[in-house]
Amino acid sequence: MNIQTMLGRLMAVAALLFIAISCESTDNNNPDLDLIPVNSVTVDGYTVSLESPKEIEIGANHLYWKIKQGDNTITPQSFTITPIMEMATMSHSTPFDQPAPDPLDDSYLSNLAVFIMPSGEMGNWTINFEFTTQNDATITGEMPLDVNSSWKIMNTQDDTGKKYFITWYEPQRPMSGNNDLTFLIHTRESMMYFPAVSDAELVIYPYMDMGGGSGHSTPFTPPVATGNGFYEGDINYSMSGLWTTTVELVVANDTLPEVVFEYSVIAK
Ligand SMILES: [Cu+2]
């Protein structure tokens, strides 16, 4: 987490305290987390709801889980998930963390999931979940999930065929001027295990094609590893419009085939 994100979280906590003091807040959605409902499933009288700040798409997603028995939010002893994509000839998972009590609102369990493929003709996503209630009851269920396309994830591989997933984590909405620039790197150890890679190097090159054979780059600080697969730098877009960013991943002194992110930068 970088300084800006931390400041943002602190400010959100301050805003939350202010709201708690200044009004009788009812249950329902937390305005500071600003979540939209994604799906919910009821099993044995327990309703498991999934919310997220945005529609679920390939690339990074923050998932917020709430478990209710009737109108009461319950705190399970444990809650684990397994995202699975069922495809014609095989099934696979995706890079994800297990949910933990959310630091901003502990009525939610939250986690990061990086979806590597969109839902569609190729296959469907389901999140299998299991939780243990305070009465030691174990409840299992499954939640179908629609994963939309996006430009925010690409993959490459080394010459043994080992796959690496490069996720554009931020800016989610690139704007002219300065932006935090954060990537996430994962690899595929098996169809069910996609660990974070924290010891790679990223070589990036942002470019704007101005047409007629001319174009230009823009000032940036190369992203460096900060742990858990995160690589943080920044970028200062000199113009709005269509940009590309080429990313070369260097793993164990081996430079893997480059990937190119293509996206719009909006005027501030
Ligand atoms: Cu798939």
# chains A, B, ... in the order shown; residues from 1 in each chain; ligands from 1
>>> residues_around(residues="Glu142 in chain A", least_positions_apart="3", cutoff="7 Å", atoms="only C-alpha atoms", output="ChimeraX atom specification")
/A:126-129
>>> write_last_selection(atoms="all heavy atoms", output="PDB file, in the first residue's frame")
ATOM      1  N   THR A 126     -17.571 -19.683 -10.961  1.00  0.00           N
ATOM      2  CA  THR A 126     -18.319 -19.920  -9.733  1.00  0.00           C
ATOM      3  C   THR A 126     -17.362 -19.668  -8.578  1.00  0.00           C
ATOM      4  O   THR A 126     -16.179 -20.012  -8.681  1.00  0.00           O
ATOM      5  CB  THR A 126     -18.786 -21.388  -9.654  1.00  0.00           C
ATOM      6  OG1 THR A 126     -19.551 -21.681 -10.812  1.00  0.00           O
ATOM      7  CG2 THR A 126     -19.627 -21.654  -8.422  1.00  0.00           C
ATOM      8  N   ILE A 127     -17.860 -19.050  -7.504  1.00  0.00           N
ATOM      9  CA  ILE A 127     -17.044 -18.979  -6.289  1.00  0.00           C
ATOM     10  C   ILE A 127     -17.632 -19.951  -5.277  1.00  0.00           C
ATOM     11  O   ILE A 127     -18.768 -19.784  -4.816  1.00  0.00           O
ATOM     12  CB  ILE A 127     -16.978 -17.554  -5.716  1.00  0.00           C
ATOM     13  CG1 ILE A 127     -16.356 -16.612  -6.768  1.00  0.00           C
ATOM     14  CG2 ILE A 127     -16.155 -17.546  -4.429  1.00  0.00           C
ATOM     15  CD1 ILE A 127     -16.032 -15.225  -6.271  1.00  0.00           C
ATOM     16  N   ASN A 128     -16.880 -21.003  -4.976  1.00  0.00           N
ATOM     17  CA  ASN A 128     -17.283 -21.933  -3.919  1.00  0.00           C
ATOM     18  C   ASN A 128     -16.896 -21.308  -2.589  1.00  0.00           C
ATOM     19  O   ASN A 128     -15.808 -20.740  -2.460  1.00  0.00           O
ATOM     20  CB  ASN A 128     -16.570 -23.277  -4.080  1.00  0.00           C
ATOM     21  CG  ASN A 128     -16.967 -23.965  -5.377  1.00  0.00           C
ATOM     22  OD1 ASN A 128     -18.103 -23.849  -5.824  1.00  0.00           O
ATOM     23  ND2 ASN A 128     -16.033 -24.648  -6.002  1.00  0.00           N
ATOM     24  N   PHE A 129     -17.803 -21.402  -1.594  1.00  0.00           N
ATOM     25  CA  PHE A 129     -17.464 -20.848  -0.273  1.00  0.00           C
ATOM     26  C   PHE A 129     -17.789 -21.851   0.823  1.00  0.00           C
ATOM     27  O   PHE A 129     -18.605 -22.759   0.636  1.00  0.00           O
ATOM     28  CB  PHE A 129     -18.181 -19.509  -0.031  1.00  0.00           C
ATOM     29  CG  PHE A 129     -19.683 -19.578  -0.096  1.00  0.00           C
ATOM     30  CD1 PHE A 129     -20.430 -20.016   0.996  1.00  0.00           C
ATOM     31  CD2 PHE A 129     -20.363 -19.194  -1.252  1.00  0.00           C
ATOM     32  CE1 PHE A 129     -21.817 -20.077   0.929  1.00  0.00           C
ATOM     33  CE2 PHE A 129     -21.745 -19.251  -1.319  1.00  0.00           C
ATOM     34  CZ  PHE A 129     -22.479 -19.698  -0.230  1.00  0.00           C
TER      35      PHE A 129
END
>>> residues_around(residues="Met239 in chain A", least_positions_apart="4", cutoff="12 Å", atoms="only C-alpha atoms", output="list in words")
Pro174, Met175, Ser176, Gly177, Asn178, Pro206, Tyr207, Met208, Asp209, Met210, Gly215, His216, Ser217, Thr218, Pro219, Ile235, Trp243, Ser264, Val265, Ile266, Ala267 and Lys268 of chain A
>>> residues_around(residues="range 36-41 of chain A", least_positions_apart="5", cutoff="7 Å", atoms="only C-alpha atoms", output="PyMOL selection string")
chain A and resi 47-54+143
>>> write_last_selection(atoms="all heavy atoms", output="compact mmCIF listing (two decimals), in the first residue's frame")
# COMPACT_ATOMS: atom_id res chain seq x y z
N THR A 47 -27.64 -16.06 4.34
CA THR A 47 -27.48 -15.41 3.04
C THR A 47 -26.07 -14.83 2.93
O THR A 47 -25.66 -14.01 3.76
CB THR A 47 -28.52 -14.30 2.86
OG1 THR A 47 -29.82 -14.89 2.95
CG2 THR A 47 -28.38 -13.61 1.50
N VAL A 48 -25.35 -15.31 1.93
CA VAL A 48 -23.99 -14.81 1.67
C VAL A 48 -24.10 -13.83 0.51
O VAL A 48 -24.56 -14.18 -0.57
CB VAL A 48 -23.04 -15.97 1.30
CG1 VAL A 48 -21.66 -15.44 0.91
CG2 VAL A 48 -22.94 -16.96 2.46
N SER A 49 -23.71 -12.56 0.77
CA SER A 49 -23.78 -11.53 -0.26
C SER A 49 -22.39 -11.08 -0.66
O SER A 49 -21.51 -10.95 0.19
CB SER A 49 -24.53 -10.29 0.25
OG SER A 49 -25.79 -10.67 0.71
N LEU A 50 -22.24 -10.85 -1.94
CA LEU A 50 -20.98 -10.32 -2.47
C LEU A 50 -21.22 -8.92 -3.03
O LEU A 50 -22.17 -8.71 -3.80
CB LEU A 50 -20.44 -11.24 -3.58
CG LEU A 50 -19.23 -10.72 -4.36
CD1 LEU A 50 -18.03 -10.50 -3.45
CD2 LEU A 50 -18.88 -11.69 -5.49
N GLU A 51 -20.39 -7.96 -2.59
CA GLU A 51 -20.44 -6.60 -3.12
C GLU A 51 -19.05 -6.21 -3.59
O GLU A 51 -18.06 -6.84 -3.21
CB GLU A 51 -20.91 -5.61 -2.03
CG GLU A 51 -22.33 -5.89 -1.55
CD GLU A 51 -22.71 -5.04 -0.34
OE1 GLU A 51 -22.50 -3.82 -0.39
OE2 GLU A 51 -23.19 -5.61 0.64
N SER A 52 -18.98 -5.18 -4.44
CA SER A 52 -17.68 -4.73 -4.96
C SER A 52 -17.79 -3.26 -5.34
O SER A 52 -18.89 -2.77 -5.61
CB SER A 52 -17.31 -5.58 -6.18
OG SER A 52 -16.06 -5.16 -6.70
N PRO A 53 -16.67 -2.53 -5.36
CA PRO A 53 -16.74 -1.12 -5.77
C PRO A 53 -17.15 -0.96 -7.23
O PRO A 53 -17.62 0.10 -7.63
CB PRO A 53 -15.30 -0.61 -5.56
CG PRO A 53 -14.69 -1.59 -4.63
CD PRO A 53 -15.34 -2.91 -4.90
N LYS A 54 -16.94 -1.98 -8.07
CA LYS A 54 -17.28 -1.86 -9.49
C LYS A 54 -17.73 -3.22 -10.00
O LYS A 54 -17.60 -4.22 -9.29
CB LYS A 54 -16.06 -1.37 -10.28
CG LYS A 54 -14.84 -2.29 -10.16
CD LYS A 54 -13.66 -1.79 -10.99
CE LYS A 54 -12.37 -2.53 -10.71
NZ LYS A 54 -12.29 -3.91 -11.15
N MET A 143 -21.52 -19.63 -5.57
CA MET A 143 -22.09 -18.40 -6.12
C MET A 143 -21.61 -18.23 -7.56
O MET A 143 -20.42 -18.11 -7.79
CB MET A 143 -21.63 -17.21 -5.27
CG MET A 143 -22.17 -15.88 -5.78
SD MET A 143 -21.58 -14.51 -4.77
CE MET A 143 -22.53 -14.73 -3.28
>>> closest_atom_pairs(of="chain A", to="ligand 1", cutoff="9 Å", atoms="only C-alpha atoms and all ligand atoms", output="CSV")
residue,atom,partner,partner_atom_place_in_ligand_line,distance
A:Ile84,CA,ligand 1,1 (Cu),8.5
A:Met85,CA,ligand 1,1 (Cu),5.3
A:Glu86,CA,ligand 1,1 (Cu),6.8
A:Met87,CA,ligand 1,1 (Cu),5.8
A:Met90,CA,ligand 1,1 (Cu),8.2
A:Ser91,CA,ligand 1,1 (Cu),6.8
A:His92,CA,ligand 1,1 (Cu),6.4
A:Ser93,CA,ligand 1,1 (Cu),8.0
A:Thr94,CA,ligand 1,1 (Cu),8.8
A:Ile116,CA,ligand 1,1 (Cu),7.4
A:Met117,CA,ligand 1,1 (Cu),5.4
A:Pro118,CA,ligand 1,1 (Cu),7.6
A:Ser119,CA,ligand 1,1 (Cu),8.0
A:Met122,CA,ligand 1,1 (Cu),6.6
A:Gly123,CA,ligand 1,1 (Cu),6.0
A:Asn124,CA,ligand 1,1 (Cu),7.7
A:Trp125,CA,ligand 1,1 (Cu),8.2
>>> closest_residue(among="A:Asn111, A:Thr82, A:Asn179, A:Ser190", to="Pro144 in chain A", atoms="only C-alpha atoms")
A:Thr82
>>> atom_distance(atom1="CA of Phe96 in chain A", atom2="CA of Asn72 in chain A")
27.7 Å
>>> atom_distance(atom1="CA of Ser238 in chain A", atom2="CA of Ile166 in chain A")
24.3 Å
>>> select_by_dssp(residues="range 8-204 of chain A", states="strand (DSSP E or B)", output="PyMOL selection string")
chain A and resi 36-43+46-52+57+59-69+72-73+78-87+91-92+96+100-101+109-115+120+123-132+138-145+148+153-157+163-170+175+177-187+190+193+196+201-204
>>> atom_distance(atom1="CA of Val251 in chain A", atom2="CA of Thr221 in chain A")
19.8 Å
>>> residues_around(residues="Gly227 in chain A", least_positions_apart="5", cutoff="10 Å", atoms="only C-alpha atoms", output="list of chain:residue names")
A:Met1, A:Leu184, A:Ala196, A:Val197, A:Ser198, A:Asp199, A:Glu232
>>> write_last_selection(atoms="N, CA and C atoms", output="tab-separated table (two decimals), in the first residue's frame")
chain	number	residue	atom	x	y	z
A	1	MET	N	0.85	-1.19	0.00
A	1	MET	CA	0.00	0.00	0.00
A	1	MET	C	0.89	1.24	0.00
A	184	LEU	N	0.42	-5.73	-10.64
A	184	LEU	CA	0.44	-6.94	-9.83
A	184	LEU	C	0.96	-8.07	-10.72
A	196	ALA	N	1.60	-14.97	-6.03
A	196	ALA	CA	2.18	-13.67	-6.37
A	196	ALA	C	3.67	-13.83	-6.61
A	197	VAL	N	4.22	-13.01	-7.51
A	197	VAL	CA	5.66	-13.00	-7.81
A	197	VAL	C	6.20	-11.65	-7.37
A	198	SER	N	7.09	-11.66	-6.35
A	198	SER	CA	7.57	-10.39	-5.80
A	198	SER	C	9.03	-10.11	-6.12
A	199	ASP	N	9.69	-11.02	-6.87
A	199	ASP	CA	11.12	-10.83	-7.13
A	199	ASP	C	11.42	-10.62	-8.61
A	232	GLU	N	5.18	-0.76	-7.55
A	232	GLU	CA	4.63	0.59	-7.47
A	232	GLU	C	5.58	1.64	-8.03
>>> closest_residue(among="A:Ile67, A:Ile81, A:Gln134, A:Lys163", to="Asp106 in chain A", atoms="only C-alpha atoms")
A:Ile67
>>> residues_around(residues="Phe131 in chain A", least_positions_apart="5", cutoff="12 Å", atoms="only C-alpha atoms", output="count of residues only")
27
>>> residues_around(residues="Leu202 in chain A", least_positions_apart="6", cutoff="10 Å", atoms="only C-alpha atoms", output="PDB file with N, CA, C and O atoms, in the first residue's frame")
ATOM      1  N   ILE A 166       0.191 -10.276 -15.762  1.00  0.00           N
ATOM      2  CA  ILE A 166       0.553  -8.895 -15.434  1.00  0.00           C
ATOM      3  C   ILE A 166      -0.747  -8.104 -15.345  1.00  0.00           C
ATOM      4  O   ILE A 166      -1.455  -7.949 -16.351  1.00  0.00           O
ATOM      5  N   PHE A 183       1.350  -2.244 -10.682  1.00  0.00           N
ATOM      6  CA  PHE A 183       1.092  -3.525 -11.336  1.00  0.00           C
ATOM      7  C   PHE A 183       1.093  -4.632 -10.289  1.00  0.00           C
ATOM      8  O   PHE A 183       1.697  -4.500  -9.228  1.00  0.00           O
ATOM      9  N   ILE A 185       1.854  -8.895 -10.201  1.00  0.00           N
ATOM     10  CA  ILE A 185       2.377 -10.021 -10.987  1.00  0.00           C
ATOM     11  C   ILE A 185       2.071 -11.330 -10.274  1.00  0.00           C
ATOM     12  O   ILE A 185       2.328 -11.474  -9.076  1.00  0.00           O
ATOM     13  N   PRO A 222       9.784   4.102 -12.780  1.00  0.00           N
ATOM     14  CA  PRO A 222       9.575   2.661 -13.001  1.00  0.00           C
ATOM     15  C   PRO A 222       9.035   1.982 -11.743  1.00  0.00           C
ATOM     16  O   PRO A 222       9.519   2.241 -10.637  1.00  0.00           O
ATOM     17  N   PRO A 223       8.015   1.128 -11.891  1.00  0.00           N
ATOM     18  CA  PRO A 223       7.462   0.410 -10.734  1.00  0.00           C
ATOM     19  C   PRO A 223       8.483  -0.561 -10.135  1.00  0.00           C
ATOM     20  O   PRO A 223       9.165  -1.267 -10.872  1.00  0.00           O
ATOM     21  N   VAL A 224       8.581  -0.571  -8.812  1.00  0.00           N
ATOM     22  CA  VAL A 224       9.478  -1.503  -8.115  1.00  0.00           C
ATOM     23  C   VAL A 224       8.666  -2.349  -7.128  1.00  0.00           C
ATOM     24  O   VAL A 224       7.610  -1.924  -6.644  1.00  0.00           O
ATOM     25  N   ALA A 225       9.181  -3.540  -6.831  1.00  0.00           N
ATOM     26  CA  ALA A 225       8.477  -4.498  -5.976  1.00  0.00           C
ATOM     27  C   ALA A 225       8.289  -3.944  -4.570  1.00  0.00           C
ATOM     28  O   ALA A 225       9.228  -3.417  -3.965  1.00  0.00           O
ATOM     29  N   TYR A 231       3.924  -3.930  -7.571  1.00  0.00           N
ATOM     30  CA  TYR A 231       5.042  -3.140  -8.104  1.00  0.00           C
ATOM     31  C   TYR A 231       4.547  -1.716  -8.263  1.00  0.00           C
ATOM     32  O   TYR A 231       3.578  -1.475  -8.987  1.00  0.00           O
ATOM     33  N   THR A 246       4.028  -0.536 -22.836  1.00  0.00           N
ATOM     34  CA  THR A 246       4.680  -1.825 -23.044  1.00  0.00           C
ATOM     35  C   THR A 246       5.307  -2.254 -21.724  1.00  0.00           C
ATOM     36  O   THR A 246       5.923  -1.433 -21.036  1.00  0.00           O
ATOM     37  N   VAL A 247       5.114  -3.514 -21.348  1.00  0.00           N
ATOM     38  CA  VAL A 247       5.702  -4.042 -20.120  1.00  0.00           C
ATOM     39  C   VAL A 247       6.514  -5.291 -20.456  1.00  0.00           C
ATOM     40  O   VAL A 247       5.997  -6.223 -21.068  1.00  0.00           O
ATOM     41  N   GLU A 248       7.790  -5.246 -20.079  1.00  0.00           N
ATOM     42  CA  GLU A 248       8.645  -6.437 -20.152  1.00  0.00           C
ATOM     43  C   GLU A 248       8.888  -6.910 -18.732  1.00  0.00           C
ATOM     44  O   GLU A 248       9.285  -6.128 -17.867  1.00  0.00           O
ATOM     45  N   LEU A 249       8.677  -8.199 -18.535  1.00  0.00           N
ATOM     46  CA  LEU A 249       8.881  -8.797 -17.219  1.00  0.00           C
ATOM     47  C   LEU A 249      10.220  -9.519 -17.245  1.00  0.00           C
ATOM     48  O   LEU A 249      10.487 -10.311 -18.154  1.00  0.00           O
ATOM     49  N   VAL A 250      11.085  -9.205 -16.258  1.00  0.00           N
ATOM     50  CA  VAL A 250      12.384  -9.876 -16.156  1.00  0.00           C
ATOM     51  C   VAL A 250      12.329 -10.786 -14.933  1.00  0.00           C
ATOM     52  O   VAL A 250      12.154 -10.315 -13.807  1.00  0.00           O
ATOM     53  N   VAL A 251      12.390 -12.102 -15.183  1.00  0.00           N
ATOM     54  CA  VAL A 251      12.308 -13.085 -14.105  1.00  0.00           C
ATOM     55  C   VAL A 251      13.584 -13.925 -14.143  1.00  0.00           C
ATOM     56  O   VAL A 251      13.881 -14.549 -15.163  1.00  0.00           O
ATOM     57  N   THR A 255      14.379 -12.161 -19.784  1.00  0.00           N
ATOM     58  CA  THR A 255      13.386 -11.167 -20.205  1.00  0.00           C
ATOM     59  C   THR A 255      12.301 -11.858 -21.026  1.00  0.00           C
ATOM     60  O   THR A 255      12.577 -12.414 -22.080  1.00  0.00           O
TER      61      THR A 255
END
>>> closest_residue(among="A:Met191, A:Phe220, A:Tyr108, A:Asn228", to="Pro83 in chain A", atoms="only C-alpha atoms")
A:Met191
